[in-house]
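Printed here is run04.csv (CSV, C-alpha atoms):
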```
chain,number,residue,atom,x,y,z
A,1,MET,CA,-65.0,-76.4,56.3
A,2,ARG,CA,-61.9,-78.6,56.5
A,3,LEU,CA,-58.7,-77.7,54.7
A,4,ARG,CA,-58.3,-79.7,51.5
A,5,VAL,CA,-54.7,-81.0,51.3
A,6,ALA,CA,-52.8,-83.4,49.2
A,7,VAL,CA,-49.3,-85.0,49.5
A,8,ILE,CA,-47.2,-85.3,46.4
A,9,GLY,CA,-44.6,-88.0,46.7
A,10,VAL,CA,-45.3,-90.7,49.3
A,11,GLY,CA,-42.0,-92.4,49.7
A,12,TYR,CA,-39.9,-92.4,52.8
A,13,LEU,CA,-41.0,-89.0,54.1
A,14,GLY,CA,-44.2,-88.4,52.2
A,15,LYS,CA,-46.0,-91.4,53.7
A,16,HIS,CA,-45.5,-89.8,57.1
A,17,HIS,CA,-47.0,-86.5,55.9
A,18,ALA,CA,-50.0,-88.4,54.6
A,19,ARG,CA,-50.4,-90.3,57.9
A,20,ILE,CA,-50.2,-87.2,60.0
A,21,LEU,CA,-52.5,-85.1,57.8
A,22,SER,CA,-55.1,-87.8,57.6
A,23,SER,CA,-55.3,-87.9,61.4
A,24,MET,CA,-55.9,-84.1,61.8
A,25,PRO,CA,-59.6,-83.3,62.3
A,26,GLU,CA,-59.4,-80.0,60.6
A,27,VAL,CA,-57.8,-81.4,57.4
A,28,GLU,CA,-59.3,-83.5,54.6
A,29,LEU,CA,-56.6,-85.5,52.8
A,30,VAL,CA,-57.9,-85.3,49.3
A,31,ALA,CA,-55.3,-87.4,47.5
A,32,VAL,CA,-51.8,-88.7,47.5
A,33,VAL,CA,-49.8,-88.6,44.3
A,34,ASP,CA,-46.9,-90.7,43.3
A,35,THR,CA,-45.6,-91.9,39.9
A,36,ASN,CA,-45.2,-95.3,41.5
A,37,ARG,CA,-48.8,-96.5,41.2
A,38,PRO,CA,-48.7,-99.5,43.7
A,39,ARG,CA,-47.2,-97.1,46.3
A,40,ALA,CA,-49.7,-94.4,45.7
A,41,GLU,CA,-52.6,-96.9,45.9
A,42,GLU,CA,-51.2,-98.5,49.1
A,43,ILE,CA,-50.7,-95.1,50.9
A,44,ALA,CA,-54.1,-93.9,49.7
A,45,VAL,CA,-55.9,-96.9,51.1
A,46,SER,CA,-54.2,-96.7,54.5
A,47,ASN,CA,-55.1,-93.0,54.8
A,48,ARG,CA,-58.5,-93.0,53.2
A,49,ALA,CA,-57.5,-90.8,50.3
A,50,GLN,CA,-57.7,-90.9,46.5
A,51,PRO,CA,-54.6,-92.2,44.7
A,52,LEU,CA,-53.4,-90.0,41.8
A,53,PHE,CA,-50.4,-90.4,39.5
A,54,ASP,CA,-50.0,-86.9,38.0
A,55,PHE,CA,-49.7,-83.8,40.3
A,56,ARG,CA,-51.5,-81.7,37.7
A,57,ASP,CA,-54.7,-83.6,38.4
A,58,LEU,CA,-54.8,-81.7,41.8
A,59,LEU,CA,-55.0,-78.2,40.4
A,60,GLY,CA,-58.3,-76.6,41.4
A,61,ARG,CA,-59.1,-79.3,43.9
A,62,VAL,CA,-56.9,-78.4,46.9
A,63,ASP,CA,-56.3,-75.6,49.4
A,64,ALA,CA,-52.6,-76.6,50.1
A,65,VAL,CA,-50.1,-79.3,49.1
A,66,THR,CA,-47.1,-80.9,50.6
A,67,LEU,CA,-44.1,-81.9,48.3
A,68,ALA,CA,-41.9,-84.8,49.3
A,69,VAL,CA,-40.5,-85.5,45.9
A,70,PRO,CA,-36.8,-85.6,44.7
A,71,THR,CA,-35.1,-82.2,45.1
A,72,GLY,CA,-34.5,-81.8,41.4
A,73,ILE,CA,-38.2,-81.4,40.7
A,74,HIS,CA,-39.3,-79.3,43.7
A,75,ARG,CA,-39.4,-76.1,41.6
A,76,ASP,CA,-41.3,-77.7,38.6
A,77,ILE,CA,-44.0,-79.1,40.8
A,78,ALA,CA,-44.2,-76.2,43.3
A,79,LEU,CA,-44.5,-73.3,40.7
A,80,PRO,CA,-47.9,-74.3,39.2
A,81,PHE,CA,-49.5,-74.5,42.7
A,82,LEU,CA,-47.9,-71.2,43.9
A,83,GLN,CA,-48.9,-69.4,40.7
A,84,ALA,CA,-52.5,-70.7,41.2
A,85,GLY,CA,-52.5,-69.3,44.8
A,86,VAL,CA,-52.1,-72.6,46.6
A,87,PRO,CA,-49.8,-72.7,49.6
A,88,VAL,CA,-46.9,-75.2,49.4
A,89,LEU,CA,-45.0,-77.0,52.1
A,90,VAL,CA,-41.8,-78.5,50.5
A,91,GLU,CA,-39.4,-80.9,52.2
A,92,LYS,CA,-35.9,-79.7,52.6
A,93,PRO,CA,-33.8,-78.9,50.8
A,94,MET,CA,-36.0,-76.2,49.2
A,95,ALA,CA,-34.5,-76.5,45.7
A,96,ARG,CA,-31.3,-77.8,44.0
A,97,SER,CA,-30.0,-74.3,43.4
A,98,LEU,CA,-30.4,-70.7,44.7
A,99,ALA,CA,-31.9,-69.6,41.4
A,100,GLU,CA,-34.6,-72.2,41.6
A,101,ALA,CA,-35.3,-71.3,45.2
A,102,ASP,CA,-35.6,-67.7,44.2
A,103,GLU,CA,-38.1,-68.6,41.5
A,104,MET,CA,-40.3,-70.3,44.1
A,105,ILE,CA,-40.0,-67.4,46.5
A,106,ALA,CA,-41.0,-65.0,43.8
A,107,ALA,CA,-44.0,-67.1,42.7
A,108,ALA,CA,-45.2,-67.3,46.3
A,109,ALA,CA,-44.7,-63.5,46.8
A,110,GLY,CA,-46.5,-62.7,43.6
A,111,ALA,CA,-49.5,-64.8,44.6
A,112,SER,CA,-49.4,-63.7,48.3
A,113,VAL,CA,-49.4,-67.3,49.4
A,114,ALA,CA,-47.3,-69.3,52.0
A,115,LEU,CA,-44.2,-71.2,50.9
A,116,ALA,CA,-42.8,-73.2,53.8
A,117,VAL,CA,-39.8,-75.5,54.0
A,118,GLY,CA,-39.8,-78.6,56.3
A,119,HIS,CA,-36.9,-77.8,58.6
A,120,THR,CA,-38.3,-80.0,61.4
A,121,GLU,CA,-35.2,-79.9,63.6
A,122,ARG,CA,-36.1,-76.4,64.7
A,123,PHE,CA,-39.0,-78.1,66.6
A,124,ASN,CA,-37.0,-81.0,68.0
A,125,PRO,CA,-38.0,-81.1,71.7
A,126,ALA,CA,-34.3,-81.2,72.8
A,127,LEU,CA,-33.6,-78.0,70.9
A,128,ALA,CA,-36.7,-76.4,72.1
A,129,ALA,CA,-35.6,-77.1,75.7
A,130,ALA,CA,-32.0,-75.8,75.0
A,131,ARG,CA,-32.9,-72.7,73.1
A,132,PRO,CA,-33.8,-70.5,76.2
A,133,LEU,CA,-30.4,-71.4,77.6
A,134,VAL,CA,-28.5,-70.2,74.6
A,135,ALA,CA,-27.5,-66.6,74.9
A,136,ASP,CA,-25.1,-65.1,72.4
A,137,PRO,CA,-23.1,-68.4,71.8
A,138,ARG,CA,-19.4,-67.9,70.9
A,139,PHE,CA,-18.5,-71.4,69.7
A,140,ILE,CA,-20.7,-74.2,68.4
A,141,GLU,CA,-19.5,-77.7,67.5
A,142,VAL,CA,-22.0,-80.1,65.9
A,143,HIS,CA,-21.6,-83.7,64.7
A,144,ARG,CA,-24.4,-85.4,62.7
A,145,LEU,CA,-23.3,-88.9,61.6
A,146,GLY,CA,-25.5,-91.5,60.0
A,147,ALA,CA,-25.3,-94.9,58.4
A,148,PHE,CA,-25.5,-95.1,54.6
A,149,PRO,CA,-29.1,-94.4,53.6
A,150,GLU,CA,-31.3,-96.0,51.0
A,151,ARG,CA,-32.8,-92.6,50.1
A,152,SER,CA,-31.9,-89.0,49.2
A,153,LEU,CA,-29.0,-90.2,47.0
A,154,ASP,CA,-30.0,-87.5,44.5
A,155,ILE,CA,-28.4,-84.9,46.8
A,156,ASP,CA,-25.2,-84.7,48.8
A,157,VAL,CA,-24.8,-85.0,52.6
A,158,VAL,CA,-24.9,-81.2,53.0
A,159,PHE,CA,-28.4,-81.0,51.5
A,160,ASP,CA,-29.4,-84.3,53.2
A,161,LEU,CA,-28.1,-84.0,56.8
A,162,MET,CA,-26.0,-80.9,57.5
A,163,ILE,CA,-28.8,-78.6,56.2
A,164,HIS,CA,-30.6,-79.3,59.5
A,165,ASP,CA,-27.7,-78.1,61.6
A,166,LEU,CA,-27.0,-75.1,59.4
A,167,ASP,CA,-30.6,-74.0,59.9
A,168,VAL,CA,-30.5,-74.5,63.6
A,169,VAL,CA,-27.2,-72.6,63.9
A,170,LEU,CA,-28.5,-69.7,61.9
A,171,SER,CA,-31.6,-69.6,64.1
A,172,VAL,CA,-29.6,-69.2,67.3
A,173,VAL,CA,-26.8,-66.9,66.2
A,174,SER,CA,-28.1,-63.4,65.8
A,175,SER,CA,-25.5,-62.3,63.3
A,176,ASP,CA,-24.6,-62.4,59.6
A,177,VAL,CA,-22.1,-65.1,58.3
A,178,GLU,CA,-18.8,-63.3,57.6
A,179,SER,CA,-16.8,-66.2,56.1
A,180,LEU,CA,-17.2,-69.9,55.3
A,181,GLU,CA,-14.7,-72.7,54.8
A,182,ALA,CA,-15.8,-76.1,53.8
A,183,VAL,CA,-14.5,-79.5,52.5
A,184,GLY,CA,-16.4,-82.5,51.3
A,185,VAL,CA,-15.5,-86.0,50.0
A,186,PRO,CA,-17.5,-88.5,47.9
A,187,VAL,CA,-16.8,-92.0,49.2
A,188,VAL,CA,-19.4,-94.5,48.1
A,189,THR,CA,-21.5,-92.3,45.8
A,190,ASN,CA,-20.6,-89.7,43.2
A,191,ARG,CA,-21.8,-86.9,45.5
A,192,VAL,CA,-20.2,-85.7,48.7
A,193,ASP,CA,-20.8,-88.2,51.5
A,194,ILE,CA,-18.9,-86.6,54.4
A,195,ALA,CA,-18.4,-82.9,54.9
A,196,ASN,CA,-17.1,-80.3,57.3
A,197,ALA,CA,-18.0,-76.6,57.3
A,198,ARG,CA,-16.7,-73.8,59.5
A,199,LEU,CA,-18.7,-70.6,59.7
A,200,ARG,CA,-17.5,-67.4,61.2
A,201,PHE,CA,-20.1,-64.8,62.1
A,202,ALA,CA,-19.7,-61.0,62.2
A,203,ASN,CA,-20.2,-61.1,66.0
A,204,GLY,CA,-17.2,-63.4,66.5
A,205,CYS,CA,-19.1,-66.7,66.9
A,206,ILE,CA,-17.6,-69.7,65.2
A,207,ALA,CA,-19.6,-72.8,64.2
A,208,ASN,CA,-17.9,-76.0,63.2
A,209,LEU,CA,-20.2,-78.6,61.6
A,210,THR,CA,-19.5,-82.2,60.5
A,211,ALA,CA,-21.9,-84.4,58.7
A,212,SER,CA,-21.5,-88.0,57.4
A,213,ARG,CA,-23.9,-90.5,55.8
A,214,ILE,CA,-21.3,-93.3,55.7
A,215,SER,CA,-20.7,-93.8,59.5
A,216,ARG,CA,-21.1,-97.0,61.3
A,217,ASP,CA,-23.0,-95.5,64.2
A,218,ARG,CA,-25.6,-92.8,64.3
A,219,VAL,CA,-24.5,-89.7,66.2
A,220,ARG,CA,-26.2,-86.4,66.8
A,221,GLU,CA,-24.1,-84.3,69.1
A,222,LEU,CA,-23.8,-80.8,70.4
A,223,ILE,CA,-20.4,-80.6,72.1
A,224,ASP,CA,-19.6,-78.7,75.3
A,225,SER,CA,-18.3,-75.3,74.1
A,226,THR,CA,-15.5,-75.4,76.6
A,227,ALA,CA,-14.1,-78.7,75.3
A,228,PHE,CA,-12.0,-76.8,72.9
A,229,LEU,CA,-11.6,-73.7,75.1
A,230,ALA,CA,-10.0,-75.2,78.2
A,231,PRO,CA,-7.0,-72.9,78.0
A,232,LEU,CA,-9.4,-70.0,78.3
A,233,LEU,CA,-11.0,-71.2,81.5
A,234,ALA,CA,-10.1,-69.3,84.7
A,235,ARG,CA,-7.4,-70.9,86.8
A,236,GLN,CA,-7.7,-71.5,90.6
A,237,GLY,CA,-6.2,-69.0,93.0
A,238,VAL,CA,-5.0,-65.4,92.9
A,239,LEU,CA,-4.4,-64.5,89.3
A,240,THR,CA,-3.0,-61.0,89.7
A,241,ARG,CA,-0.1,-59.6,91.6
A,242,ARG,CA,-2.3,-58.3,94.3
A,243,ALA,CA,-4.0,-60.7,96.7
A,244,PRO,CA,-7.3,-60.0,98.5
A,245,THR,CA,-7.1,-57.9,101.6
A,246,ASP,CA,-8.6,-59.2,104.9
A,247,GLU,CA,-11.6,-56.9,104.3
A,248,GLU,CA,-12.1,-58.2,100.8
A,249,GLN,CA,-11.9,-61.8,102.1
A,250,ARG,CA,-14.7,-61.0,104.6
A,251,ASP,CA,-16.8,-59.6,101.8
A,252,LEU,CA,-16.1,-62.6,99.6
A,253,ALA,CA,-17.2,-65.1,102.3
A,254,PHE,CA,-20.4,-63.1,102.6
A,255,GLY,CA,-20.9,-62.7,98.9
A,256,TYR,CA,-20.3,-66.3,97.9
A,257,ARG,CA,-23.3,-67.4,100.0
A,258,VAL,CA,-25.5,-64.8,98.3
A,259,ALA,CA,-24.2,-65.3,94.8
A,260,ASP,CA,-24.5,-69.1,94.9
A,261,ALA,CA,-28.1,-68.8,96.2
A,262,ILE,CA,-29.1,-66.4,93.5
A,263,ALA,CA,-27.4,-68.5,90.8
A,264,GLY,CA,-29.4,-71.5,92.1
A,265,LEU,CA,-32.6,-69.6,91.4
A,266,ASP,CA,-31.3,-68.7,87.9
A,267,ILE,CA,-31.7,-65.0,88.6
A,268,GLY,CA,-28.2,-63.9,87.5
A,269,GLN,CA,-24.5,-64.8,87.5
A,270,THR,CA,-23.0,-61.7,89.2
A,271,ILE,CA,-23.4,-59.6,92.3
A,272,ALA,CA,-21.5,-56.6,93.8
A,273,VAL,CA,-20.8,-56.5,97.5
A,274,LYS,CA,-19.2,-54.1,99.9
A,275,ALA,CA,-18.9,-54.1,103.7
A,276,ALA,CA,-20.9,-57.4,104.0
A,277,ALA,CA,-23.8,-55.9,102.1
A,278,VAL,CA,-25.2,-56.6,98.6
A,279,VAL,CA,-24.8,-53.5,96.5
A,280,ALA,CA,-26.3,-54.8,93.2
A,281,VAL,CA,-27.5,-57.9,91.5
A,282,GLU,CA,-27.1,-58.6,87.8
A,283,ALA,CA,-30.3,-58.6,85.8
A,284,MET,CA,-30.9,-58.5,82.1
A,285,GLU,CA,-28.6,-55.5,81.6
A,286,GLY,CA,-25.5,-57.6,81.8
A,287,THR,CA,-22.3,-57.5,83.8
A,288,ASP,CA,-20.8,-54.2,82.6
A,289,ALA,CA,-24.0,-52.4,83.4
A,290,LEU,CA,-24.1,-54.0,86.8
A,291,ILE,CA,-20.5,-52.8,87.4
A,292,ALA,CA,-21.4,-49.2,86.5
A,293,ARG,CA,-24.4,-49.3,88.8
A,294,ALA,CA,-22.4,-50.7,91.7
A,295,GLY,CA,-19.9,-47.9,91.3
A,296,GLN,CA,-22.7,-45.3,91.4
A,297,LEU,CA,-24.3,-46.9,94.5
A,298,ALA,CA,-21.3,-47.9,96.6
A,299,GLY,CA,-18.5,-45.7,95.4
A,300,HIS,CA,-14.9,-46.9,95.5
A,301,GLY,CA,-14.0,-50.4,96.6
A,302,ALA,CA,-17.0,-52.7,95.8
A,303,ARG,CA,-16.2,-56.3,94.9
A,304,ILE,CA,-17.6,-58.2,91.9
A,305,ILE,CA,-18.5,-61.9,92.3
A,306,LYS,CA,-19.4,-63.9,89.2
A,307,VAL,CA,-20.4,-67.5,89.6
A,308,ALA,CA,-21.6,-70.4,87.6
A,309,LYS,CA,-25.0,-72.1,88.2
A,310,PRO,CA,-24.8,-75.0,90.7
A,311,ASN,CA,-25.4,-77.4,87.8
A,312,GLN,CA,-24.0,-75.3,85.1
A,313,ASP,CA,-24.4,-76.9,81.6
A,314,MET,CA,-21.1,-76.0,80.0
A,315,ARG,CA,-22.6,-76.1,76.6
A,316,PHE,CA,-24.8,-73.0,77.2
A,317,ASP,CA,-24.4,-69.5,78.8
A,318,VAL,CA,-21.0,-70.1,80.3
A,319,PRO,CA,-19.9,-67.2,82.5
A,320,VAL,CA,-17.5,-64.9,80.5
A,321,VAL,CA,-15.2,-62.0,81.5
A,322,GLY,CA,-13.0,-59.9,79.2
A,323,VAL,CA,-10.8,-56.9,79.2
A,324,SER,CA,-13.9,-54.8,79.0
A,325,THR,CA,-14.9,-56.2,82.4
A,326,ILE,CA,-11.7,-54.8,83.9
A,327,GLU,CA,-12.1,-51.5,82.1
A,328,ALA,CA,-15.6,-51.1,83.5
A,329,MET,CA,-14.4,-52.0,87.0
A,330,LYS,CA,-11.6,-49.5,86.8
A,331,ALA,CA,-14.0,-46.7,85.6
A,332,ALA,CA,-16.4,-47.5,88.5
A,333,GLY,CA,-13.6,-47.7,91.1
A,334,LEU,CA,-14.2,-51.4,92.0
A,335,SER,CA,-11.4,-53.4,93.6
A,336,LEU,CA,-11.8,-57.1,93.1
A,337,LEU,CA,-13.2,-59.7,90.7
A,338,SER,CA,-13.9,-63.2,91.7
A,339,VAL,CA,-14.8,-65.9,89.1
A,340,ASP,CA,-15.4,-69.6,89.4
A,341,ALA,CA,-12.2,-71.5,88.4
A,342,GLY,CA,-12.7,-74.0,85.6
A,343,ARG,CA,-16.2,-72.7,84.9
A,344,THR,CA,-15.6,-69.1,83.6
A,345,LEU,CA,-14.1,-68.2,80.3
A,346,MET,CA,-11.5,-65.5,80.4
A,347,ILE,CA,-11.3,-64.1,76.9
A,348,ASP,CA,-7.6,-63.1,76.3
A,349,GLY,CA,-6.6,-64.0,79.9
A,350,ASP,CA,-3.1,-62.4,79.7
A,351,ALA,CA,-4.6,-59.1,78.6
A,352,ILE,CA,-7.2,-59.3,81.4
A,353,ILE,CA,-4.6,-59.9,84.1
A,354,LYS,CA,-2.3,-57.2,82.7
A,355,ALA,CA,-5.2,-54.6,82.7
A,356,ALA,CA,-6.1,-55.7,86.3
A,357,ASP,CA,-2.6,-55.3,87.5
A,358,GLU,CA,-2.3,-51.9,86.0
A,359,ALA,CA,-5.6,-50.9,87.7
A,360,GLY,CA,-4.7,-52.4,91.1
A,361,ILE,CA,-7.7,-54.8,90.8
A,362,CYS,CA,-7.4,-58.3,92.3
A,363,ILE,CA,-8.7,-61.3,90.3
A,364,LEU,CA,-9.4,-64.5,92.2
A,365,GLY,CA,-10.3,-67.9,90.7
A,366,ARG,CA,-12.5,-69.6,93.3
A,367,SER,CA,-12.3,-73.3,93.6
A,368,GLU,CA,-15.5,-75.2,94.2
A,369,ARG,CA,-13.9,-76.6,97.3
A,370,LEU,CA,-13.5,-73.1,98.8
A,371,PRO,CA,-16.2,-71.2,100.6
```

Can the structure in the file be given as structure tokens, please?
Amino acid sequence: MRLRVAVIGVGYLGKHHARILSSMPEVELVAVVDTNRPRAEEIAVSNRAQPLFDFRDLLGRVDAVTLAVPTGIHRDIALPFLQAGVPVLVEKPMARSLAEADEMIAAAAGASVALAVGHTERFNPALAAARPLVADPRFIEVHRLGAFPERSLDIDVVFDLMIHDLDVVLSVVSSDVESLEAVGVPVVTNRVDIANARLRFANGCIANLTASRISRDRVRELIDSTAFLAPLLARQGVLTRRAPTDEEQRDLAFGYRVADAIAGLDIGQTIAVKAAAVVAVEAMEGTDALIARAGQLAGHGARIIKVAKPNQDMRFDVPVVGVSTIEAMKAAGLSLLSVDAGRTLMIDGDAIIKAADEAGICILGRSERLP
């Protein structure tokens, strides 16, 4: 038996819901509902469905509904279906207030039925491709700019556009929001038309989001995280008081060939070498665990080489070292840290170099031009 579904509201977005549902072999599009009778009749004919003009006429006739009506009436239409045990897919934003959203959630929970919100950007192919590359992001910059629309003027630009990016950011940062700063300005409507929000997460990640619906050009952009962090990128050359010894130079020449080959296979960013032999290769345990393992296996004097991928995307998974890296090396008795200049973030670089000098550890920023 096919799933009986109806679409309530067949304007700009609802007509696409109707089109897609009517093409699914496992779905029967029972009806489309709109208070605009000519529109309801037009969409119904093109999708082989019945036109209706009052959503209440659907009760008892459907297994699920999609709501694509103005945000202000999401709750009023969703509740009767949820309370009747009918699953609801509602277009974003879910409701015009937290209280109304909570009412919808409570009704769905009380009837043990699904209530879903159409955050389609989560399934954008570009984001799907990028998501596996995003590991513990520290800074996110998002711009979503659009021309003035002829729809969704019952809500502001945060509910209309920025809501997509807020959902995506929250889905990739595994931490609670610790603080929020935001500003918005109404320009051509009586609601906010351009807005900026800055989110700080408990794990230290910062997300800066800008959304506008009054721009000349359409822009959807995820900016290279290092664009604002250039002062934190490792410099070229010897960064500490101590330079590499001849023996360390020989190990580096050997290690670079191995590390670059491994990075090209996307196995890991870091290796430990000593006496022209690979002591350890970074896996999922991370750099600090690799350092501890290298100390156990090689004893005093192993060298750590951290490299970027050959075609490193500077928006994702940029190599990072911190004071904790030096502390781990000191505890393990390791002697040298090599990083790729311009492609490795050194968080609190002055403190890193000070800690390395005190421990007698050499830090080298490798240029891409050097072996």

* To do: Please provide as an MDAnalysis selection string all residues within 7 Å of stretch 178-183 of chain A, with the sequence filter that same-chain residues fewer than 5 positions apart are discarded (counting only C-alpha atoms).
  => chainID A and resid 195:202

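Pairwise distance (atom CA of A:Ala277, atom CA of A:Ile262) equals 14.6 Å.
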
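Atom CA of A:Asp357 sits 22.6 Å away from atom CA of A:Arg293.
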
* Surrounding residues of stretch 17-25 of chain A excluding itself and chain neighbours under 2 positions, 10 Å, all atoms listed in the file, as a list in words -> Arg2, Leu3, Val5, Ala6, Val7, Ile8, Gly9, Val10, Gly11, Tyr12, Leu13, Gly14, Lys15, Val27, Glu28, Leu29, Val30, Ala31, Val32, Ile43, Ala44, Ser46, Asn47, Arg48, Ala49, Thr66, Leu67 and Ala68 of chain A

* **Contacts of A:Ile291 within 9 Å, only C-alpha atoms, excl. fewer than 5 positions in-chain, as a PyMOL selection string** => chain A and resi 271-272+280+282+286+296+304+325+328-329+332+334

* A:Pro93 surroundings by only C-alpha atoms, 12 Å radius, close-in-sequence under 5 positions cut, as a PyMOL selection string -> chain A and resi 67-75+98+100-101+116-120+152+154-164+166-167
